[in-house]
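Below is the file structure-v7.tsv, which contains TSV, C-alpha atoms.
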chain	number	residue	atom	x	y	z
A	8	MET	CA	152.22	146.25	42.76
A	9	LEU	CA	151.07	149.24	44.82
A	10	THR	CA	151.32	148.73	48.57
A	11	PHE	CA	149.71	150.74	51.34
A	12	ARG	CA	152.64	150.51	53.78
A	13	PRO	CA	154.15	153.92	52.84
A	14	TYR	CA	150.79	155.53	53.48
A	15	LEU	CA	150.62	153.91	56.89
A	16	LEU	CA	154.11	155.20	57.74
A	17	ILE	CA	153.18	158.74	56.71
A	18	PHE	CA	150.03	158.51	58.82
A	19	VAL	CA	152.01	157.44	61.91
A	20	ILE	CA	154.64	160.18	61.44
A	21	LEU	CA	151.91	162.82	61.08
A	22	PHE	CA	150.17	161.49	64.18
A	23	PHE	CA	153.21	161.78	66.44
A	24	SER	CA	154.35	165.12	65.03
A	25	ILE	CA	151.00	166.68	65.89
A	26	ILE	CA	151.14	165.18	69.37
A	27	CYS	CA	154.47	166.91	70.00
A	28	LYS	CA	153.15	170.25	68.81
A	29	SER	CA	149.67	170.06	70.31
A	30	GLN	CA	148.42	172.67	72.71
A	31	SER	CA	148.08	172.03	76.45
A	32	ALA	CA	145.24	169.93	77.77
A	33	ASP	CA	143.73	172.88	79.62
A	34	SER	CA	142.89	174.66	76.36
A	35	LEU	CA	140.93	171.70	75.00
A	36	HIS	CA	137.38	170.69	75.84
A	37	PRO	CA	136.84	169.65	79.48
A	38	PRO	CA	136.56	165.98	80.38
A	39	HIS	CA	133.21	164.20	80.46
A	40	PRO	CA	132.20	161.44	82.88
A	41	LEU	CA	131.61	157.82	82.02
A	42	THR	CA	128.35	157.32	80.15
A	43	ILE	CA	126.46	154.07	79.65
A	44	THR	CA	123.69	153.74	77.08
A	45	GLY	CA	121.99	150.79	75.46
A	46	ALA	CA	118.93	149.38	73.72
A	47	ILE	CA	116.94	146.22	73.11
A	48	ASP	CA	114.55	145.36	70.29
A	49	ALA	CA	112.28	142.57	69.11
A	50	TYR	CA	109.78	142.15	66.28
A	51	TYR	CA	107.05	140.09	64.63
A	52	ARG	CA	106.96	139.80	60.83
A	53	TYR	CA	104.17	138.38	58.65
A	54	ASP	CA	104.87	137.87	54.95
A	55	PHE	CA	101.71	138.02	52.82
A	56	ALA	CA	102.96	135.08	50.72
A	57	ARG	CA	103.73	133.15	53.91
A	58	THR	CA	107.44	132.68	53.26
A	59	ALA	CA	110.64	134.11	54.78
A	60	ASP	CA	112.35	133.86	51.38
A	61	ASN	CA	110.74	137.10	50.20
A	62	ASP	CA	112.93	139.06	52.63
A	63	LEU	CA	116.16	140.00	50.81
A	64	THR	CA	117.38	142.62	53.28
A	65	ALA	CA	119.26	142.43	56.58
A	66	PHE	CA	117.98	141.49	60.06
A	67	THR	CA	114.33	140.48	59.35
A	68	HIS	CA	114.50	137.11	57.56
A	69	SER	CA	111.42	135.43	59.08
A	70	HIS	CA	107.70	134.80	58.66
A	71	ASN	CA	104.93	134.55	61.25
A	72	GLN	CA	107.36	134.48	64.17
A	73	PHE	CA	108.24	136.56	67.15
A	74	ASN	CA	111.97	137.27	66.95
A	75	LEU	CA	114.64	138.86	69.06
A	76	GLY	CA	116.65	141.64	67.50
A	77	MET	CA	119.63	142.85	69.47
A	78	ALA	CA	120.56	143.81	73.02
A	79	ASN	CA	123.47	146.21	73.20
A	80	ILE	CA	125.27	148.26	75.79
A	81	LYS	CA	127.61	151.11	74.94
A	82	VAL	CA	130.21	152.41	77.40
A	83	GLU	CA	131.93	155.73	76.65
A	84	HIS	CA	134.56	157.60	78.61
A	85	LYS	CA	136.08	160.95	77.65
A	86	THR	CA	139.04	162.85	79.02
A	87	THR	CA	140.53	166.12	77.77
A	88	ARG	CA	142.17	164.32	74.85
A	89	VAL	CA	141.27	160.64	74.80
A	90	ASP	CA	137.89	159.02	74.14
A	91	MET	CA	137.12	155.33	74.59
A	92	VAL	CA	134.08	153.49	73.24
A	93	ALA	CA	133.14	149.87	73.93
A	94	ASP	CA	129.88	148.96	72.17
A	95	LEU	CA	128.85	145.35	72.81
A	96	ALA	CA	125.81	143.57	71.39
A	97	PHE	CA	124.11	140.17	71.44
A	98	GLY	CA	121.33	138.56	69.43
A	99	PRO	CA	120.41	137.60	65.86
A	100	ARG	CA	120.81	141.17	64.60
A	101	GLU	CA	124.39	141.31	65.87
A	102	GLU	CA	125.15	137.88	64.37
A	103	VAL	CA	124.25	139.24	60.93
A	104	TYR	CA	126.14	142.49	61.54
A	105	ALA	CA	129.35	140.70	62.64
A	106	TYR	CA	128.98	137.76	60.25
A	107	ASN	CA	132.74	137.30	59.77
A	108	ASP	CA	133.38	136.83	63.50
A	109	LYS	CA	132.85	133.81	65.72
A	110	GLY	CA	132.62	133.30	69.47
A	111	ILE	CA	132.95	136.15	71.92
A	112	THR	CA	134.42	138.55	69.33
A	113	GLN	CA	131.08	138.51	67.51
A	114	ALA	CA	129.65	140.51	70.41
A	115	ILE	CA	131.94	143.45	69.58
A	116	LYS	CA	129.91	145.94	67.57
A	117	GLN	CA	132.31	148.85	68.06
A	118	LEU	CA	135.53	149.10	70.02
A	119	TYR	CA	137.84	152.07	69.50
A	120	ILE	CA	140.05	154.71	71.10
A	121	SER	CA	140.24	158.29	69.84
A	122	TYR	CA	142.94	160.90	70.51
A	123	SER	CA	142.38	164.64	69.95
A	124	PRO	CA	145.63	166.65	69.96
A	125	ALA	CA	143.58	169.72	68.97
A	126	THR	CA	139.92	170.66	68.89
A	127	TRP	CA	139.90	170.41	65.08
A	128	LEU	CA	141.68	167.06	64.80
A	129	LYS	CA	140.96	163.53	66.00
A	130	PHE	CA	142.69	160.18	65.41
A	131	THR	CA	140.81	156.91	65.92
A	132	ALA	CA	141.99	153.30	66.03
A	133	GLY	CA	139.82	150.20	66.40
A	134	THR	CA	136.57	149.02	64.84
A	135	TRP	CA	133.48	151.15	64.18
A	136	ALA	CA	130.24	151.18	62.19
A	137	THR	CA	130.59	152.23	58.56
A	138	HIS	CA	130.28	155.88	57.57
A	139	LEU	CA	128.34	154.85	54.45
A	140	CYS	CA	124.53	154.85	54.29
A	141	TYR	CA	121.78	156.83	56.02
A	142	GLU	CA	120.65	153.94	58.22
A	143	SER	CA	122.24	152.49	61.34
A	144	PRO	CA	122.69	148.91	62.59
A	145	ASP	CA	121.04	150.08	65.84
A	146	ALA	CA	117.25	149.72	65.67
A	147	ALA	CA	116.86	152.62	68.09
A	148	ALA	CA	118.63	154.96	65.63
A	149	ASN	CA	116.24	154.19	62.73
A	150	ARG	CA	112.64	155.21	62.15
A	151	ASN	CA	112.00	152.21	59.86
A	152	TYR	CA	112.64	148.86	61.50
A	153	SER	CA	113.31	146.85	58.34
A	154	MET	CA	116.41	147.83	56.40
A	155	SER	CA	116.90	149.23	52.91
A	156	TYR	CA	118.63	147.31	50.13
A	157	LEU	CA	121.41	149.89	50.19
A	158	PHE	CA	122.17	149.36	53.87
A	159	SER	CA	121.89	145.57	53.54
A	160	ASN	CA	124.50	145.48	50.78
A	161	ASP	CA	126.80	148.23	52.06
A	162	PRO	CA	129.74	147.48	54.36
A	163	PHE	CA	128.68	147.13	57.99
A	164	SER	CA	131.94	148.03	59.75
A	165	HIS	CA	135.58	149.04	59.33
A	166	THR	CA	138.62	148.14	61.40
A	167	GLY	CA	141.74	150.27	61.15
A	168	ILE	CA	142.86	153.84	61.75
A	169	LYS	CA	141.41	157.17	60.63
A	170	ALA	CA	141.96	160.89	61.01
A	171	GLU	CA	139.09	163.39	61.22
A	172	LEU	CA	139.50	167.13	60.67
A	173	THR	CA	136.93	169.89	61.08
A	174	PHE	CA	137.27	173.43	59.75
A	175	GLY	CA	134.28	175.72	59.83
A	176	ARG	CA	131.31	174.00	58.21
A	177	ASN	CA	133.59	171.41	56.59
A	178	GLY	CA	134.66	168.00	57.80
A	179	LEU	CA	137.19	165.57	56.37
A	180	MET	CA	137.93	161.97	57.31
A	181	ILE	CA	140.53	159.68	55.77
A	182	GLY	CA	141.72	156.32	56.96
A	183	LEU	CA	143.21	152.93	56.27
A	184	ALA	CA	141.26	149.78	57.16
A	185	ASN	CA	141.01	146.05	56.70
A	186	PRO	CA	138.72	144.85	53.91
A	187	CYS	CA	135.13	145.73	54.80
A	188	ASP	CA	133.55	143.78	57.70
A	189	TYR	CA	136.80	142.01	58.69
A	190	ARG	CA	138.03	142.72	62.23
A	191	SER	CA	140.90	140.31	61.57
A	192	ILE	CA	141.96	138.67	58.31
A	193	PRO	CA	142.20	134.86	58.17
A	194	SER	CA	145.70	133.51	57.59
A	195	ASP	CA	144.64	131.76	54.38
A	196	ARG	CA	143.23	134.95	52.79
A	197	HIS	CA	144.86	138.03	51.28
A	198	ASN	CA	145.94	140.66	53.82
A	199	ASN	CA	144.84	143.74	51.87
A	200	LYS	CA	143.94	147.24	53.06
A	201	ASN	CA	141.18	149.62	51.96
A	202	ILE	CA	141.10	153.41	51.84
A	203	ILE	CA	138.09	155.01	53.54
A	204	ALA	CA	137.16	158.69	53.28
A	205	GLN	CA	134.40	161.18	53.94
A	206	TYR	CA	133.85	164.84	53.15
A	207	SER	CA	130.98	166.57	54.96
A	208	TYR	CA	129.57	170.05	54.63
A	209	THR	CA	126.90	171.73	56.73
A	210	LEU	CA	125.04	173.96	54.30
A	211	ALA	CA	122.83	175.41	57.00
A	212	ASP	CA	121.85	174.56	60.55
A	213	ASN	CA	119.27	172.09	59.23
A	214	THR	CA	121.02	170.68	56.14
A	215	LYS	CA	124.11	168.49	55.89
A	216	PHE	CA	125.85	166.64	53.05
A	217	CYS	CA	128.22	163.67	53.45
A	218	LEU	CA	130.16	162.27	50.50
A	219	ASN	CA	131.62	158.87	51.42
A	220	TYR	CA	134.13	156.50	49.83
A	221	VAL	CA	135.63	153.06	50.40
A	222	GLY	CA	137.89	151.25	47.95
A	223	GLY	CA	140.53	148.56	47.67
A	224	ARG	CA	140.93	144.80	47.40
A	225	ASP	CA	139.12	142.28	49.59
A	226	VAL	CA	140.43	139.10	51.20
A	227	ASP	CA	140.02	137.23	47.88
A	228	ASN	CA	141.95	139.92	45.97
A	229	ASN	CA	138.81	141.14	44.20
A	230	HIS	CA	138.75	144.89	43.66
A	231	ALA	CA	135.80	147.08	44.69
A	232	GLN	CA	135.09	150.72	45.28
A	233	GLN	CA	131.98	152.52	46.41
A	234	VAL	CA	130.88	156.15	46.43
A	235	ASP	CA	128.00	157.09	48.68
A	236	LEU	CA	126.07	160.32	49.32
A	237	VAL	CA	123.93	161.07	52.38
A	238	VAL	CA	121.87	164.26	52.74
A	239	THR	CA	119.79	165.24	55.77
A	240	ALA	CA	117.49	168.24	55.86
A	241	LYS	CA	114.91	169.62	58.27
A	242	ALA	CA	112.15	171.82	56.86
A	243	SER	CA	110.48	172.45	60.22
A	244	PRO	CA	110.29	170.90	63.70
A	245	GLN	CA	107.66	168.51	62.30
A	246	VAL	CA	109.05	167.73	58.81
A	247	SER	CA	112.45	166.34	57.84
A	248	PHE	CA	114.00	164.44	54.96
A	249	GLY	CA	116.86	162.09	54.29
A	250	PHE	CA	118.47	160.94	51.06
A	251	ASN	CA	120.97	158.20	50.35
A	252	GLY	CA	122.49	157.37	46.96
A	253	THR	CA	125.28	154.91	46.30
A	254	ILE	CA	127.13	153.20	43.45
A	255	ASN	CA	129.41	150.18	43.79
A	256	GLN	CA	131.77	148.83	41.12
A	257	SER	CA	133.82	145.66	41.44
A	258	SER	CA	135.96	143.26	39.41
A	259	LEU	CA	137.12	139.71	40.12
A	260	ALA	CA	140.65	138.44	40.46
A	261	THR	CA	139.60	135.11	38.92
A	262	ASP	CA	138.84	136.75	35.56
A	263	LYS	CA	141.87	139.07	35.83
A	264	TYR	CA	139.66	142.13	36.46
A	265	SER	CA	138.44	142.05	32.85
A	266	THR	CA	134.77	142.67	33.68
A	267	ASN	CA	133.27	145.42	35.81
A	268	TYR	CA	130.22	144.57	37.91
A	269	ARG	CA	128.00	147.37	39.16
A	270	TRP	CA	125.02	147.93	41.41
A	271	TRP	CA	123.52	151.20	42.61
A	272	GLY	CA	120.49	152.66	44.30
A	273	THR	CA	118.76	155.66	45.83
A	274	VAL	CA	116.58	156.01	48.92
A	275	LEU	CA	114.35	158.91	50.03
A	276	TYR	CA	113.09	159.24	53.61
A	277	CYS	CA	110.15	161.55	54.40
A	278	ASN	CA	109.57	162.08	58.11
A	279	LEU	CA	106.54	163.68	59.74
A	280	ASP	CA	106.22	164.25	63.51
A	281	PRO	CA	102.85	165.87	64.27
A	282	LYS	CA	103.29	165.15	68.00
A	283	SER	CA	106.27	164.47	70.22
A	284	TRP	CA	104.93	160.94	70.81
A	285	LEU	CA	103.92	160.23	67.20
A	286	GLY	CA	105.95	160.01	64.00
A	287	PHE	CA	105.58	158.70	60.45
A	288	THR	CA	108.31	157.74	57.99
A	289	LEU	CA	107.82	156.84	54.34
A	290	ARG	CA	110.91	155.26	52.80
A	291	THR	CA	110.97	154.83	49.02
A	292	GLU	CA	113.88	153.02	47.40
A	293	TYR	CA	115.08	152.11	43.93
A	294	PHE	CA	117.74	149.37	43.83
A	295	ASN	CA	119.41	148.52	40.52
A	296	ASP	CA	121.24	145.19	40.33
A	297	ALA	CA	120.96	144.49	36.61
A	298	GLN	CA	123.97	142.14	36.71
A	299	GLY	CA	122.77	140.09	39.66
A	300	VAL	CA	125.70	140.96	41.93
A	301	LYS	CA	123.67	141.11	45.14
A	302	LEU	CA	120.20	139.77	44.34
A	303	PRO	CA	119.30	136.12	43.58
A	304	ALA	CA	118.96	137.11	39.89
A	305	PRO	CA	119.45	140.30	37.83
A	306	ALA	CA	116.67	142.69	38.78
A	307	ASN	CA	115.65	146.24	39.59
A	308	ILE	CA	113.52	146.75	42.71
A	309	PHE	CA	111.24	149.55	43.85
A	310	ALA	CA	110.39	149.26	47.54
A	311	ALA	CA	108.08	151.40	49.69
A	312	THR	CA	107.97	151.17	53.49
A	313	LEU	CA	105.60	153.08	55.76
A	314	SER	CA	106.43	153.04	59.47
A	315	THR	CA	104.62	154.63	62.41
A	316	ASN	CA	106.54	155.46	65.59
A	317	PHE	CA	104.61	155.60	68.89
A	318	ARG	CA	107.02	156.92	71.55
A	319	ILE	CA	106.76	156.78	75.34
A	320	ASP	CA	109.98	157.91	77.01
A	321	GLY	CA	112.64	155.48	75.73
A	322	PHE	CA	110.09	153.01	74.34
A	323	THR	CA	109.02	153.00	70.67
A	324	LEU	CA	106.32	150.83	69.07
A	325	ILE	CA	106.73	150.51	65.27
A	326	PRO	CA	103.95	149.08	63.10
A	327	GLU	CA	105.28	148.85	59.54
A	328	TRP	CA	103.91	148.00	56.10
A	329	ARG	CA	106.24	147.19	53.21
A	330	VAL	CA	105.83	146.39	49.49
A	331	ASP	CA	108.72	145.42	47.17
A	332	ASN	CA	108.26	145.20	43.40
A	333	ALA	CA	110.87	143.83	40.96
A	334	ASN	CA	110.99	143.90	37.18
A	335	THR	CA	111.81	140.17	37.17
A	336	PRO	CA	110.16	137.49	39.36
A	337	ILE	CA	112.68	137.11	42.17
A	338	PHE	CA	109.98	136.80	44.88
A	339	PHE	CA	107.46	134.02	45.57
A	340	HIS	CA	103.70	133.52	45.75
A	341	ALA	CA	102.18	131.48	48.55
A	342	ASP	CA	102.20	128.37	46.32
A	343	GLY	CA	105.94	128.77	45.67
A	344	SER	CA	105.62	130.09	42.12
A	345	PRO	CA	107.74	133.11	41.08
A	346	ALA	CA	106.35	136.58	41.76
A	347	HIS	CA	107.26	140.16	40.89
A	348	THR	CA	105.87	141.60	44.14
A	349	ALA	CA	106.26	140.84	47.84
A	350	GLY	CA	104.58	142.46	50.81
A	351	ASN	CA	104.69	142.13	54.58
A	352	PHE	CA	103.55	143.59	57.88
A	353	LEU	CA	105.94	144.01	60.78
A	354	LEU	CA	105.48	145.06	64.38
A	355	ALA	CA	108.60	146.01	66.35
A	356	VAL	CA	109.30	147.16	69.89
A	357	VAL	CA	112.43	149.13	70.74
A	358	TYR	CA	113.62	150.44	74.09
A	359	ALA	CA	116.66	152.69	74.46
A	360	PHE	CA	118.22	154.20	77.58

Could you express the structure from this file as structure tokens?
Amino acid sequence: MLTFRPYLLIFVILFFSIICKSQSADSLHPPHPLTITGAIDAYYRYDFARTADNDLTAFTHSHNQFNLGMANIKVEHKTTRVDMVADLAFGPREEVYAYNDKGITQAIKQLYISYSPATWLKFTAGTWATHLCYESPDAAANRNYSMSYLFSNDPFSHTGIKAELTFGRNGLMIGLANPCDYRSIPSDRHNNKNIIAQYSYTLADNTKFCLNYVGGRDVDNNHAQQVDLVVTAKASPQVSFGFNGTINQSSLATDKYSTNYRWWGTVLYCNLDPKSWLGFTLRTEYFNDAQGVKLPAPANIFAATLSTNFRIDGFTLIPEWRVDNANTPIFFHADGSPAHTAGNFLLAVVYAF
């Protein structure tokens, strides 16, 4: 059976060989001081059918309640060659994000060290947020507060090692990591490794493409691989767009990998900023889970989310309206009967510093 240990050995040899041949520290970028940033968020969500069970995405599973999101603080320190990031978070949003961790380790959102032997090359070891998907686990980094189906079913984080290279308008990342969302692998599970990769290309100053990949076996020896595309484009200072498309294919060890299971989706983000303090984002998403891999039952969903961003310095107020429609009744009416459509209103507050 194929093992990843030779690849790890090659990676380590390459790492140390470049260290020995790297240029002097004086020719690299100058050091930066310690920086501390952070954010807090909270929200109120009202489901029009008066049930939390109509929410099938991450972080907002509630109805008619005021809820905390996440409080996080990020500490970064850079020298001429070495960068350190400690990103700690607390709250219900972080509990969902780090669902495989318990106790104090659940507060670790990101924790990694990077080494740059040259301006075009960087090695990183630790745990970091996934490179897949357009959206971020940080509420302050998103214009919609609720999450897409793609983000909710993508990996959240990776723990391992990676190398990043930049040449001209091109970028390349390749790495070796634990199965998705596992900082450490339980002793009674399979200690497998996944390959992660990204190719990025900046077409113009305002347009960028990122082709992402993750693949391998999980802690139960099931096989999965995912290909993901993210495109960002800016038409003017007031108008910008984002696109995310992904496809995931998996097979189970229990049926000897005889059946392939697949889900996929696309999301389009249209952003309008008529004023510096005012922004609008319309997110439209199509999520296809015809085999019922991620949803409660096989279904295809079209979801539309309209969010308004009112900004005052680091504070953002986000009123949001959302409607999800499925081709099969996976949602609920107020009386508990099955429904094809679900809708909700959400009001979120976010402060970042």

Find the spatial neighbours of His197 of chain A, counting only C-alpha atoms, within a cut-off of 8 Å - ignore same-chain residues fewer than 6 positions away - and output them as a PyMOL selection string. chain A and resi 225-228

Surrounding residues of segment 73-85 of chain A excluding itself and chain neighbours under 5 positions, 7 Å, all atoms listed in the file, as an MDAnalysis selection string: chainID A and resid 38:51 90:101

Under the rule that only C-alpha atoms are counted, which of A:Gln205, A:Ser155, A:Gln256, A:Thr134 is the nearest residue to Asp331 of chain A? A:Ser155

Near Leu236 of chain A, counting all atoms listed in the file, which residues have an atom at most 6 Å away, once you skip same-chain residues fewer than 3 positions from it, shown as a list of chain:residue names? A:Cys217, A:Leu218, A:Asn251, A:Gly252

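Of the listed residues A:His340, A:Arg57, A:His138, A:Arg150, the one whose atoms come nearest to Pro326 of chain A is A:Arg150, with distances taken using all atoms listed in the file.
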
Residues at most 6 Å from segment 120-132 of chain A, counting only C-alpha atoms, excluding those fewer than 4 positions away in the same chain, as an MDAnalysis selection string? chainID A and resid 26 29 88:91 167:173

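Using all atoms listed in the file, the protein and nucleic acid residues lying no more than 9 Å from segment 265-270 of chain A, apart from those fewer than 2 places from it along its own chain, are Thr253, Ile254, Asn255, Gln256, Ser257, Ser258, Leu259, Ala260, Asp262, Lys263, Gly272, Phe294, Asn295, Asp296, Ala297, Gln298, Gly299, Val300 and Lys301 of chain A.
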
Nearest to Pro162 of chain A: which of A:Ala146, A:Ala240, A:Met180, A:Cys140 is it, counting all atoms listed in the file? A:Cys140

How many Å separate atom CA of Thr288 of chain A from atom CA of Gln72 of chain A? 24.1 Å

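Atom CA of Pro303 of chain A is found 21.3 Å from atom CA of His230 of chain A.
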
Which residues, protein or nucleic acid, reach to within 12 Å of (116.3, 135.2, 42.5) in the file's coordinates when using only C-alpha atoms, and can you give that as an MDAnalysis selection string? chainID A and resid 60:63 296:308 333:339 344:347

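Atom CA of Val330 of chain A to atom CA of Thr312 of chain A spans 6.6 Å [interatomic distance, one decimal].
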
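Counting all atoms listed in the file and comparing A:Ala211, A:Ala311, A:Ala147, A:Ile203, the residue that lies closest to His165 of chain A is A:Ile203.
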
Pick out the closest residue to Gly286 of chain A from this set: A:Thr209, A:Thr137, A:Ser194, A:Ser247. Count all atoms listed in the file. A:Ser247
